[in-house]
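Student: Below are the structure tokens for one structure; questions will follow.
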Amino acid sequence: MRIGFLFPGQGAQYIGMGKDLYDNFQEYREVYEEINKITGIDVADLSFNSDEETLNQTKNTQICILAMSLGILKLLEKENIKAEISSGLSLGEYTALIYSGAISFEDGVKIVKTRGELMQNLCPNGDWSMAAILGLNEEQVKEICSKITDGFISPANYNCPGQIVVSGERKAINEAMEKSKALGAKKAVELKTSGPFHTKMLEGASIQLRKELENININKFNTKVVKNLDGKIYSNDENIKDILSKHITNSVRFEQGIQTMLNEKIDTFIEIGPGKTLSGFVKRTNREVTTLNINDVESFNNTLEILKNK
């Protein structure tokens, strides 16, 4: 059995995420307490007791999802369950880098807090949105975007075969959703995000993040991590700080990343954090591998049971 971890990004959040894990496992609670000490943010209260509008603010979403994923990793560590390679969607790449040892826990928490604040505060004024288009290929989605002249729009995430996310002004996103359906898309769904992420519109945040990244240390990788930028595995001699700053303004090549993990002979994918979206991407790419997810006590115990019997 060869295990790969997957870490979700913004859009997977929901009120109450991780609460039963928090209530049942001291090790999980300790992760939240440590993040509170580092950031001054009560991530437990934000995750469990706030409202959707508050949790969906980028500065809150990113640190809360990170906390949940890191808490689950602590539980897996206690069970001696390890991955040979990991990948994360957008924000999730930071979780993967922390897991790999390339970025320390403290540095990772600090830079994700800063990243969320920059992406929110340096987002240009406008009515922004993102939408997932299902059932069309890359060329079709690019063509739709190129034909929209009223408002900015760009492909942002290449998630899996037949699922591409577009990002931009809401009026352009709405038009793209209509054109997609007319072209035969199975579905077009608006996402729970609040900015034109993974487009050139976040250039200001990208430049400032690059400066902030100078405040953290980069270490050698203990496990492999797949980059969103090109879907390939990081090497120790790459400039990770440059890559992470470009990450904000460039498309996420998650589909290629899944294929890279499959090429590494990963046969068991475990999604760690809120939702089951990334597990679904893997299933749409390869139905022969095992896909598991951990987002509450039941799914944690279920995963342990399945791994024990593999």
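Ordered as shown in the structure tokens, chains take letters A, B, and onward, while each chain numbers its residues from 1 and ligands are numbered from 1 in the order shown.
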Skipping near chain neighbours, those fewer than 3 positions away, what residues fall within 12 Å of Lys276 in chain A using only C-alpha atoms, listed as a VMD selection string?
Tutor: chain A and resid 6 to 9 11 to 13 269 to 273 279 to 283 291 to 296 299
Student: Those selected residues, please, written with C-alpha atoms and delivered as an mmCIF file, in the first residue's frame.
Tutor:
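Once everything was written out, this is again.cif:
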```cif
data_model
loop_
_atom_site.group_PDB
_atom_site.id
_atom_site.type_symbol
_atom_site.label_atom_id
_atom_site.label_comp_id
_atom_site.auth_asym_id
_atom_site.auth_seq_id
_atom_site.Cartn_x
_atom_site.Cartn_y
_atom_site.Cartn_z
ATOM 1 C CA LEU A 6 -4.733 15.359 -0.163
ATOM 2 C CA PHE A 7 -5.438 18.678 1.553
ATOM 3 C CA PRO A 8 -8.484 20.814 0.643
ATOM 4 C CA GLY A 9 -8.480 24.532 0.004
ATOM 5 C CA GLY A 11 -14.444 26.648 -0.597
ATOM 6 C CA ALA A 12 -14.557 23.413 1.421
ATOM 7 C CA GLN A 13 -15.359 25.176 4.704
ATOM 8 C CA PHE A 269 -5.545 8.584 -1.379
ATOM 9 C CA ILE A 270 -6.642 10.118 1.937
ATOM 10 C CA GLU A 271 -8.310 13.534 1.877
ATOM 11 C CA ILE A 272 -7.633 15.341 5.158
ATOM 12 C CA GLY A 273 -9.916 18.235 6.095
ATOM 13 C CA SER A 279 -11.522 12.433 -3.273
ATOM 14 C CA GLY A 280 -14.099 12.971 -6.006
ATOM 15 C CA PHE A 281 -11.433 14.429 -8.309
ATOM 16 C CA VAL A 282 -9.331 11.294 -7.836
ATOM 17 C CA LYS A 283 -12.313 9.014 -8.518
ATOM 18 C CA THR A 291 -10.089 7.019 -1.925
ATOM 19 C CA LEU A 292 -10.747 7.884 1.709
ATOM 20 C CA ASN A 293 -11.522 11.107 3.510
ATOM 21 C CA ILE A 294 -11.300 12.250 7.118
ATOM 22 C CA ASN A 295 -13.479 15.130 8.274
ATOM 23 C CA ASP A 296 -15.092 13.838 11.477
ATOM 24 C CA SER A 299 -14.710 9.005 8.886
#
```
Student: Excluding range 189-202 of chain A and any residue of its chain fewer than 6 positions from it, enumerate the residues within 10 Å of it, using only C-alpha atoms, and give them as a VMD selection string.
Tutor: chain A and resid 10 to 14 52 to 53 56 to 58 61 90 118 to 120 122 to 134 152 to 157 165 to 170 173 to 174 177 246 to 252
Student: Please produce a file of those selected residues containing N, CA and C atoms, as a short mmCIF file (atom, residue, chain, number, x, y, z; two decimals), in the first residue's frame.
Tutor:
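Ended up saving to part-v1.cif:
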```
data_model
loop_
_atom_site.label_atom_id
_atom_site.label_comp_id
_atom_site.auth_asym_id
_atom_site.auth_seq_id
_atom_site.Cartn_x
_atom_site.Cartn_y
_atom_site.Cartn_z
N GLN A 10 -9.71 26.57 0.01
CA GLN A 10 -10.84 27.45 0.25
C GLN A 10 -12.05 27.03 -0.58
N GLY A 11 -13.22 27.09 0.05
CA GLY A 11 -14.44 26.65 -0.60
C GLY A 11 -15.00 25.39 0.04
N ALA A 12 -14.13 24.66 0.77
CA ALA A 12 -14.56 23.41 1.42
C ALA A 12 -15.13 23.66 2.82
N GLN A 13 -15.01 24.87 3.31
CA GLN A 13 -15.36 25.18 4.70
C GLN A 13 -16.86 25.10 4.97
N TYR A 14 -17.19 24.79 6.23
CA TYR A 14 -18.59 24.83 6.67
C TYR A 14 -18.59 25.03 8.19
N GLU A 52 -21.80 31.87 8.50
CA GLU A 52 -21.19 31.57 7.20
C GLU A 52 -20.46 32.76 6.61
N GLU A 53 -21.06 33.93 6.73
CA GLU A 53 -20.44 35.12 6.15
C GLU A 53 -19.06 35.38 6.77
N ASN A 56 -16.57 32.55 5.75
CA ASN A 56 -16.23 32.62 4.33
C ASN A 56 -15.29 33.77 3.97
N GLN A 57 -15.01 34.63 4.94
CA GLN A 57 -14.01 35.67 4.69
C GLN A 57 -12.65 34.99 4.55
N THR A 58 -11.94 35.34 3.50
CA THR A 58 -10.68 34.65 3.16
C THR A 58 -9.72 34.58 4.34
N THR A 61 -11.23 31.83 6.56
CA THR A 61 -11.35 30.51 5.93
C THR A 61 -10.03 29.76 5.92
N SER A 90 -4.61 24.65 -3.81
CA SER A 90 -4.37 26.06 -3.45
C SER A 90 -3.85 26.16 -2.01
N LEU A 118 -3.73 38.99 3.14
CA LEU A 118 -3.33 39.68 1.91
C LEU A 118 -4.33 39.44 0.79
N MET A 119 -4.77 38.18 0.64
CA MET A 119 -5.70 37.85 -0.43
C MET A 119 -7.05 38.54 -0.23
N GLN A 120 -7.39 38.82 1.03
CA GLN A 120 -8.63 39.54 1.29
C GLN A 120 -8.44 41.05 1.16
N LEU A 122 -5.93 42.86 -0.21
CA LEU A 122 -5.37 43.38 -1.45
C LEU A 122 -6.14 42.90 -2.67
N CYS A 123 -7.29 42.31 -2.43
CA CYS A 123 -8.18 41.97 -3.55
C CYS A 123 -8.74 43.26 -4.11
N PRO A 124 -8.64 43.49 -5.42
CA PRO A 124 -9.16 44.75 -5.97
C PRO A 124 -10.67 44.86 -5.78
N ASN A 125 -11.14 46.11 -5.70
CA ASN A 125 -12.58 46.33 -5.53
C ASN A 125 -13.33 45.75 -6.73
N GLY A 126 -14.48 45.18 -6.43
CA GLY A 126 -15.28 44.61 -7.50
C GLY A 126 -16.21 43.53 -6.98
N ASP A 127 -17.08 43.07 -7.82
CA ASP A 127 -18.01 41.99 -7.47
C ASP A 127 -17.45 40.72 -8.08
N TRP A 128 -16.69 39.97 -7.27
CA TRP A 128 -15.93 38.83 -7.78
C TRP A 128 -16.62 37.51 -7.45
N SER A 129 -16.31 36.51 -8.25
CA SER A 129 -16.90 35.19 -8.03
C SER A 129 -16.02 34.12 -8.69
N MET A 130 -16.31 32.87 -8.37
CA MET A 130 -15.68 31.73 -9.04
C MET A 130 -16.77 30.69 -9.29
N ALA A 131 -16.62 29.90 -10.34
CA ALA A 131 -17.61 28.86 -10.63
C ALA A 131 -16.92 27.63 -11.20
N ALA A 132 -17.45 26.48 -10.84
CA ALA A 132 -16.95 25.21 -11.38
C ALA A 132 -17.82 24.81 -12.56
N ILE A 133 -17.17 24.50 -13.68
CA ILE A 133 -17.88 24.06 -14.88
C ILE A 133 -17.60 22.58 -15.08
N LEU A 134 -18.65 21.78 -15.13
CA LEU A 134 -18.52 20.33 -15.24
C LEU A 134 -18.98 19.86 -16.61
N PHE A 152 -13.99 40.85 -16.53
CA PHE A 152 -12.80 39.99 -16.51
C PHE A 152 -13.17 38.57 -16.11
N ILE A 153 -12.58 37.60 -16.82
CA ILE A 153 -12.75 36.18 -16.46
C ILE A 153 -11.55 35.39 -16.97
N SER A 154 -11.18 34.37 -16.20
CA SER A 154 -10.05 33.53 -16.59
C SER A 154 -10.20 32.14 -15.98
N PRO A 155 -9.75 31.08 -16.69
CA PRO A 155 -9.69 29.76 -16.05
C PRO A 155 -8.76 29.81 -14.85
N ALA A 156 -9.14 29.17 -13.74
CA ALA A 156 -8.35 29.27 -12.52
C ALA A 156 -7.86 27.92 -12.00
N ASN A 157 -8.73 26.91 -12.01
CA ASN A 157 -8.36 25.59 -11.48
C ASN A 157 -8.71 24.51 -12.49
N VAL A 165 -12.51 25.30 -13.05
CA VAL A 165 -13.04 26.46 -12.33
C VAL A 165 -12.61 27.73 -13.04
N VAL A 166 -13.56 28.65 -13.20
CA VAL A 166 -13.26 29.97 -13.76
C VAL A 166 -13.39 31.01 -12.65
N SER A 167 -12.65 32.10 -12.81
CA SER A 167 -12.56 33.11 -11.77
C SER A 167 -12.63 34.49 -12.40
N GLY A 168 -13.32 35.43 -11.73
CA GLY A 168 -13.38 36.78 -12.28
C GLY A 168 -14.56 37.58 -11.76
N GLU A 169 -15.01 38.55 -12.57
CA GLU A 169 -16.15 39.39 -12.19
C GLU A 169 -17.45 38.59 -12.29
N ARG A 170 -18.33 38.83 -11.34
CA ARG A 170 -19.54 38.02 -11.25
C ARG A 170 -20.36 38.04 -12.54
N ILE A 173 -18.71 35.75 -14.87
CA ILE A 173 -18.88 34.37 -14.40
C ILE A 173 -20.28 33.87 -14.74
N ASN A 174 -21.29 34.72 -14.49
CA ASN A 174 -22.67 34.32 -14.79
C ASN A 174 -22.86 34.05 -16.28
N MET A 177 -21.26 30.75 -17.14
CA MET A 177 -22.09 29.63 -16.70
C MET A 177 -23.22 29.36 -17.71
N LYS A 246 3.88 33.02 -6.89
CA LYS A 246 3.24 32.88 -8.21
C LYS A 246 1.93 32.09 -8.11
N HIS A 247 1.88 31.24 -7.11
CA HIS A 247 0.73 30.37 -6.85
C HIS A 247 -0.59 31.14 -6.83
N ILE A 248 -0.56 32.35 -6.27
CA ILE A 248 -1.79 33.15 -6.10
C ILE A 248 -2.37 33.61 -7.43
N THR A 249 -1.49 33.87 -8.40
CA THR A 249 -1.95 34.47 -9.67
C THR A 249 -1.99 33.48 -10.82
N ASN A 250 -1.56 32.25 -10.58
CA ASN A 250 -1.52 31.24 -11.65
C ASN A 250 -2.58 30.16 -11.45
N SER A 251 -2.96 29.53 -12.53
CA SER A 251 -3.95 28.45 -12.47
C SER A 251 -3.42 27.28 -11.65
N VAL A 252 -4.34 26.59 -10.99
CA VAL A 252 -4.02 25.39 -10.22
C VAL A 252 -4.14 24.18 -11.14
#
```
Student: What separation in Å, quoted to one decimal, exists between CA of Lys110 in chain A and CA of Gly40 in chain A?
Tutor: 10.6 Å
Student: Please identify all polymer residues within 12 Å of Asp230 in chain A, counting only C-alpha atoms, omitting same-chain residues fewer than 3 positions from it, and present them as a PyMOL selection string.
Tutor: chain A and resi 87+157-158+225-227+233-234+243+246-247+250-260
Student: For the residues in the current selection, export N, CA and C atoms as an mmCIF file, in the first residue's frame.
Tutor:
```
data_model
loop_
_atom_site.group_PDB
_atom_site.id
_atom_site.type_symbol
_atom_site.label_atom_id
_atom_site.label_comp_id
_atom_site.auth_asym_id
_atom_site.auth_seq_id
_atom_site.Cartn_x
_atom_site.Cartn_y
_atom_site.Cartn_z
ATOM 1 N N SER A 87 -0.444 16.372 -1.743
ATOM 2 C CA SER A 87 -0.816 17.471 -2.623
ATOM 3 C C SER A 87 -1.968 18.214 -1.977
ATOM 4 N N ASN A 157 -8.726 26.911 -12.006
ATOM 5 C CA ASN A 157 -8.356 25.592 -11.482
ATOM 6 C C ASN A 157 -8.706 24.508 -12.492
ATOM 7 N N TYR A 158 -7.739 23.665 -12.810
ATOM 8 C CA TYR A 158 -7.988 22.475 -13.628
ATOM 9 C C TYR A 158 -8.012 21.302 -12.651
ATOM 10 N N VAL A 225 6.133 16.501 -2.272
ATOM 11 C CA VAL A 225 4.975 17.390 -2.378
ATOM 12 C C VAL A 225 4.788 17.774 -3.840
ATOM 13 N N VAL A 226 3.541 17.735 -4.286
ATOM 14 C CA VAL A 226 3.215 18.102 -5.665
ATOM 15 C C VAL A 226 2.847 19.581 -5.720
ATOM 16 N N LYS A 227 3.394 20.304 -6.685
ATOM 17 C CA LYS A 227 3.100 21.720 -6.875
ATOM 18 C C LYS A 227 1.794 21.924 -7.637
ATOM 19 N N ILE A 233 6.442 17.340 -8.957
ATOM 20 C CA ILE A 233 6.951 17.244 -7.593
ATOM 21 C C ILE A 233 8.011 18.317 -7.350
ATOM 22 N N TYR A 234 7.918 18.962 -6.183
ATOM 23 C CA TYR A 234 8.941 19.926 -5.789
ATOM 24 C C TYR A 234 10.305 19.235 -5.701
ATOM 25 N N ILE A 243 7.772 30.235 -6.056
ATOM 26 C CA ILE A 243 6.650 29.403 -6.516
ATOM 27 C C ILE A 243 5.379 29.740 -5.735
ATOM 28 N N LYS A 246 3.882 33.024 -6.893
ATOM 29 C CA LYS A 246 3.238 32.879 -8.205
ATOM 30 C C LYS A 246 1.928 32.089 -8.107
ATOM 31 N N HIS A 247 1.876 31.243 -7.109
ATOM 32 C CA HIS A 247 0.735 30.369 -6.851
ATOM 33 C C HIS A 247 -0.588 31.143 -6.834
ATOM 34 N N ASN A 250 -1.559 32.246 -10.585
ATOM 35 C CA ASN A 250 -1.521 31.245 -11.653
ATOM 36 C C ASN A 250 -2.580 30.164 -11.449
ATOM 37 N N SER A 251 -2.958 29.533 -12.534
ATOM 38 C CA SER A 251 -3.945 28.449 -12.468
ATOM 39 C C SER A 251 -3.418 27.281 -11.647
ATOM 40 N N VAL A 252 -4.341 26.595 -10.986
ATOM 41 C CA VAL A 252 -4.017 25.390 -10.220
ATOM 42 C C VAL A 252 -4.136 24.177 -11.137
ATOM 43 N N ARG A 253 -3.044 23.447 -11.266
ATOM 44 C CA ARG A 253 -3.015 22.260 -12.139
ATOM 45 C C ARG A 253 -3.188 20.995 -11.291
ATOM 46 N N PHE A 254 -4.344 20.906 -10.640
ATOM 47 C CA PHE A 254 -4.567 19.797 -9.716
ATOM 48 C C PHE A 254 -4.723 18.465 -10.451
ATOM 49 N N GLU A 255 -5.345 18.505 -11.613
ATOM 50 C CA GLU A 255 -5.510 17.269 -12.395
ATOM 51 C C GLU A 255 -4.160 16.644 -12.719
ATOM 52 N N GLN A 256 -3.210 17.478 -13.142
ATOM 53 C CA GLN A 256 -1.865 16.963 -13.431
ATOM 54 C C GLN A 256 -1.204 16.434 -12.162
ATOM 55 N N GLY A 257 -1.506 17.100 -11.031
ATOM 56 C CA GLY A 257 -0.945 16.648 -9.760
ATOM 57 C C GLY A 257 -1.435 15.267 -9.370
ATOM 58 N N ILE A 258 -2.711 15.001 -9.578
ATOM 59 C CA ILE A 258 -3.250 13.661 -9.304
ATOM 60 C C ILE A 258 -2.544 12.629 -10.174
ATOM 61 N N GLN A 259 -2.358 12.973 -11.440
ATOM 62 C CA GLN A 259 -1.691 12.043 -12.351
ATOM 63 C C GLN A 259 -0.263 11.778 -11.913
ATOM 64 N N THR A 260 0.410 12.808 -11.413
ATOM 65 C CA THR A 260 1.768 12.637 -10.887
ATOM 66 C C THR A 260 1.778 11.650 -9.729
#
```
Student: Could you work out how far CA of Ala188 in chain A lies from CA of Asp51 in chain A, giving the answer in Å with one decimal?
Tutor: 25.6 Å
Student: Could you tell me which of A:Ile3, A:Met17, A:Ile266, A:Ile38 comes closest to Ile81 in chain A if we count only C-alpha atoms?
Tutor: A:Ile3
Student: To test your reading of the structure, identify every residue in range 58-292 of chain A that backbone DSSP assigns to alpha helix (DSSP H), and report it as number ranges by chain.
Tutor: A: 58-78, 92-100, 105-121, 138-146, 170-182, 203-212, 240-247, 254-263, 277-285
Student: Those same residues, written as a CSV table (one decimal), in the first residue's frame with C-alpha atoms?
Tutor:
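Dumped everything to result32.csv:
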```
chain,number,residue,atom,x,y,z
A,58,THR,CA,-10.7,34.7,3.2
A,59,LYS,CA,-8.7,35.7,6.2
A,60,ASN,CA,-10.8,33.4,8.4
A,61,THR,CA,-11.4,30.5,5.9
A,62,GLN,CA,-7.7,29.8,5.3
A,63,ILE,CA,-6.5,29.5,8.9
A,64,CYS,CA,-9.5,27.5,9.9
A,65,ILE,CA,-9.1,24.9,7.1
A,66,LEU,CA,-5.4,24.7,7.9
A,67,ALA,CA,-6.1,24.1,11.6
A,68,MET,CA,-8.5,21.2,10.8
A,69,SER,CA,-6.1,19.5,8.4
A,70,LEU,CA,-3.2,19.9,10.8
A,71,GLY,CA,-5.3,18.5,13.7
A,72,ILE,CA,-6.2,15.4,11.7
A,73,LEU,CA,-2.6,15.0,10.7
A,74,LYS,CA,-1.7,14.9,14.4
A,75,LEU,CA,-4.2,12.1,14.9
A,76,LEU,CA,-2.8,10.1,12.0
A,77,GLU,CA,0.7,10.6,13.3
A,78,LYS,CA,-0.4,9.0,16.6
A,92,GLY,CA,-3.9,23.0,0.8
A,93,GLU,CA,-0.4,23.1,-0.7
A,94,TYR,CA,0.8,24.9,2.4
A,95,THR,CA,-0.6,22.0,4.6
A,96,ALA,CA,1.3,19.6,2.4
A,97,LEU,CA,4.5,21.7,2.7
A,98,ILE,CA,4.1,21.7,6.5
A,99,TYR,CA,3.6,17.9,6.5
A,100,SER,CA,6.7,17.4,4.4
A,105,PHE,CA,4.4,24.3,11.8
A,106,GLU,CA,4.9,27.7,13.3
A,107,ASP,CA,6.2,29.3,10.0
A,108,GLY,CA,3.4,27.6,8.1
A,109,VAL,CA,0.7,28.9,10.4
A,110,LYS,CA,2.1,32.4,10.3
A,111,ILE,CA,2.4,32.6,6.5
A,112,VAL,CA,-1.1,31.1,6.0
A,113,LYS,CA,-2.6,33.8,8.3
A,114,THR,CA,-0.7,36.4,6.3
A,115,ARG,CA,-1.7,34.9,3.0
A,116,GLY,CA,-5.4,35.0,3.9
A,117,GLU,CA,-5.2,38.6,5.1
A,118,LEU,CA,-3.3,39.7,1.9
A,119,MET,CA,-5.7,37.9,-0.4
A,120,GLN,CA,-8.6,39.5,1.3
A,121,ASN,CA,-7.2,43.0,1.9
A,138,GLU,CA,-9.9,22.8,-21.3
A,139,GLU,CA,-10.2,24.2,-24.8
A,140,GLN,CA,-13.9,24.7,-24.6
A,141,VAL,CA,-13.7,26.6,-21.3
A,142,LYS,CA,-10.8,28.8,-22.6
A,143,GLU,CA,-12.9,29.6,-25.7
A,144,ILE,CA,-15.9,30.6,-23.6
A,145,CYS,CA,-13.7,32.9,-21.5
A,146,SER,CA,-12.1,34.5,-24.6
A,170,ARG,CA,-19.5,38.0,-11.2
A,171,LYS,CA,-21.3,39.3,-14.4
A,172,ALA,CA,-18.6,37.5,-16.5
A,173,ILE,CA,-18.9,34.4,-14.4
A,174,ASN,CA,-22.7,34.3,-14.8
A,175,GLU,CA,-22.3,34.7,-18.6
A,176,ALA,CA,-19.8,31.9,-18.7
A,177,MET,CA,-22.1,29.6,-16.7
A,178,GLU,CA,-24.9,30.3,-19.2
A,179,LYS,CA,-22.6,29.8,-22.2
A,180,SER,CA,-21.2,26.6,-20.7
A,181,LYS,CA,-24.7,25.1,-20.3
A,182,ALA,CA,-25.6,26.1,-23.8
A,203,GLU,CA,-0.9,40.5,-8.5
A,204,GLY,CA,-0.7,43.0,-5.6
A,205,ALA,CA,-1.2,40.2,-3.0
A,206,SER,CA,1.4,38.0,-4.9
A,207,ILE,CA,4.1,40.7,-4.7
A,208,GLN,CA,3.4,41.4,-1.0
A,209,LEU,CA,3.3,37.7,-0.1
A,210,ARG,CA,6.8,37.3,-1.8
A,211,LYS,CA,8.1,39.9,0.7
A,212,GLU,CA,6.4,38.2,3.6
A,240,ILE,CA,9.8,27.6,-3.1
A,241,LYS,CA,9.2,31.2,-2.1
A,242,ASP,CA,9.0,32.3,-5.7
A,243,ILE,CA,6.6,29.4,-6.5
A,244,LEU,CA,4.3,30.2,-3.6
A,245,SER,CA,4.1,33.8,-4.6
A,246,LYS,CA,3.2,32.9,-8.2
A,247,HIS,CA,0.7,30.4,-6.9
A,254,PHE,CA,-4.6,19.8,-9.7
A,255,GLU,CA,-5.5,17.3,-12.4
A,256,GLN,CA,-1.9,17.0,-13.4
A,257,GLY,CA,-0.9,16.6,-9.8
A,258,ILE,CA,-3.3,13.7,-9.3
A,259,GLN,CA,-1.7,12.0,-12.4
A,260,THR,CA,1.8,12.6,-10.9
A,261,MET,CA,0.7,10.8,-7.7
A,262,LEU,CA,-0.7,8.0,-9.7
A,263,ASN,CA,2.6,7.8,-11.6
A,277,THR,CA,-14.2,17.2,-3.1
A,278,LEU,CA,-10.6,16.1,-3.7
A,279,SER,CA,-11.5,12.4,-3.3
A,280,GLY,CA,-14.1,13.0,-6.0
A,281,PHE,CA,-11.4,14.4,-8.3
A,282,VAL,CA,-9.3,11.3,-7.8
A,283,LYS,CA,-12.3,9.0,-8.5
A,284,ARG,CA,-13.0,10.8,-11.8
A,285,THR,CA,-9.4,10.4,-12.7
```
Student: List every residue of range 146-201 of chain A that DSSP, applied to the backbone of this structure, places in strand (DSSP E or B), and write the result as a PyMOL selection string.
Tutor: chain A and resi 153-160+163-169+187-190
Student: Could you save those same residues with C-alpha atoms as a PDB file, in the first residue's frame?
Tutor:
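Writing the result to out-v7.pdb gives the following:
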```
ATOM      1  CA  ILE A 153     -12.745  36.181 -16.464  1.00  0.00           C
ATOM      2  CA  SER A 154     -10.045  33.531 -16.589  1.00  0.00           C
ATOM      3  CA  PRO A 155      -9.693  29.757 -16.054  1.00  0.00           C
ATOM      4  CA  ALA A 156      -8.353  29.266 -12.516  1.00  0.00           C
ATOM      5  CA  ASN A 157      -8.356  25.592 -11.482  1.00  0.00           C
ATOM      6  CA  TYR A 158      -7.988  22.475 -13.628  1.00  0.00           C
ATOM      7  CA  ASN A 159      -9.353  20.045 -11.052  1.00  0.00           C
ATOM      8  CA  CYS A 160      -9.913  16.771 -12.870  1.00  0.00           C
ATOM      9  CA  GLN A 163     -14.096  19.962 -14.161  1.00  0.00           C
ATOM     10  CA  ILE A 164     -12.577  23.417 -14.563  1.00  0.00           C
ATOM     11  CA  VAL A 165     -13.039  26.456 -12.327  1.00  0.00           C
ATOM     12  CA  VAL A 166     -13.260  29.965 -13.758  1.00  0.00           C
ATOM     13  CA  SER A 167     -12.556  33.108 -11.769  1.00  0.00           C
ATOM     14  CA  GLY A 168     -13.381  36.784 -12.277  1.00  0.00           C
ATOM     15  CA  GLU A 169     -16.150  39.390 -12.186  1.00  0.00           C
ATOM     16  CA  LYS A 187     -23.468  21.669 -14.539  1.00  0.00           C
ATOM     17  CA  ALA A 188     -22.059  25.094 -13.638  1.00  0.00           C
ATOM     18  CA  VAL A 189     -21.867  25.872  -9.920  1.00  0.00           C
ATOM     19  CA  GLU A 190     -20.847  29.070  -8.138  1.00  0.00           C
TER      20      GLU A 190
END
```
Student: Quote the spacing between CA of Gly162 in chain A and CA of Lys232 in chain A in Å to one decimal place.
Tutor: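 Rounded to one decimal, the two atoms are 20.3 Å apart.
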Student: Please determine, counting only C-alpha atoms, which residue among A:Asn219, A:Thr268, A:Thr303, A:Asn239 has the shortest atom-to-atom distance to Ser104 in chain A.
Tutor: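 Looking only at the distances to Ser104 in chain A, the closest residue turns out to be A:Asn219.
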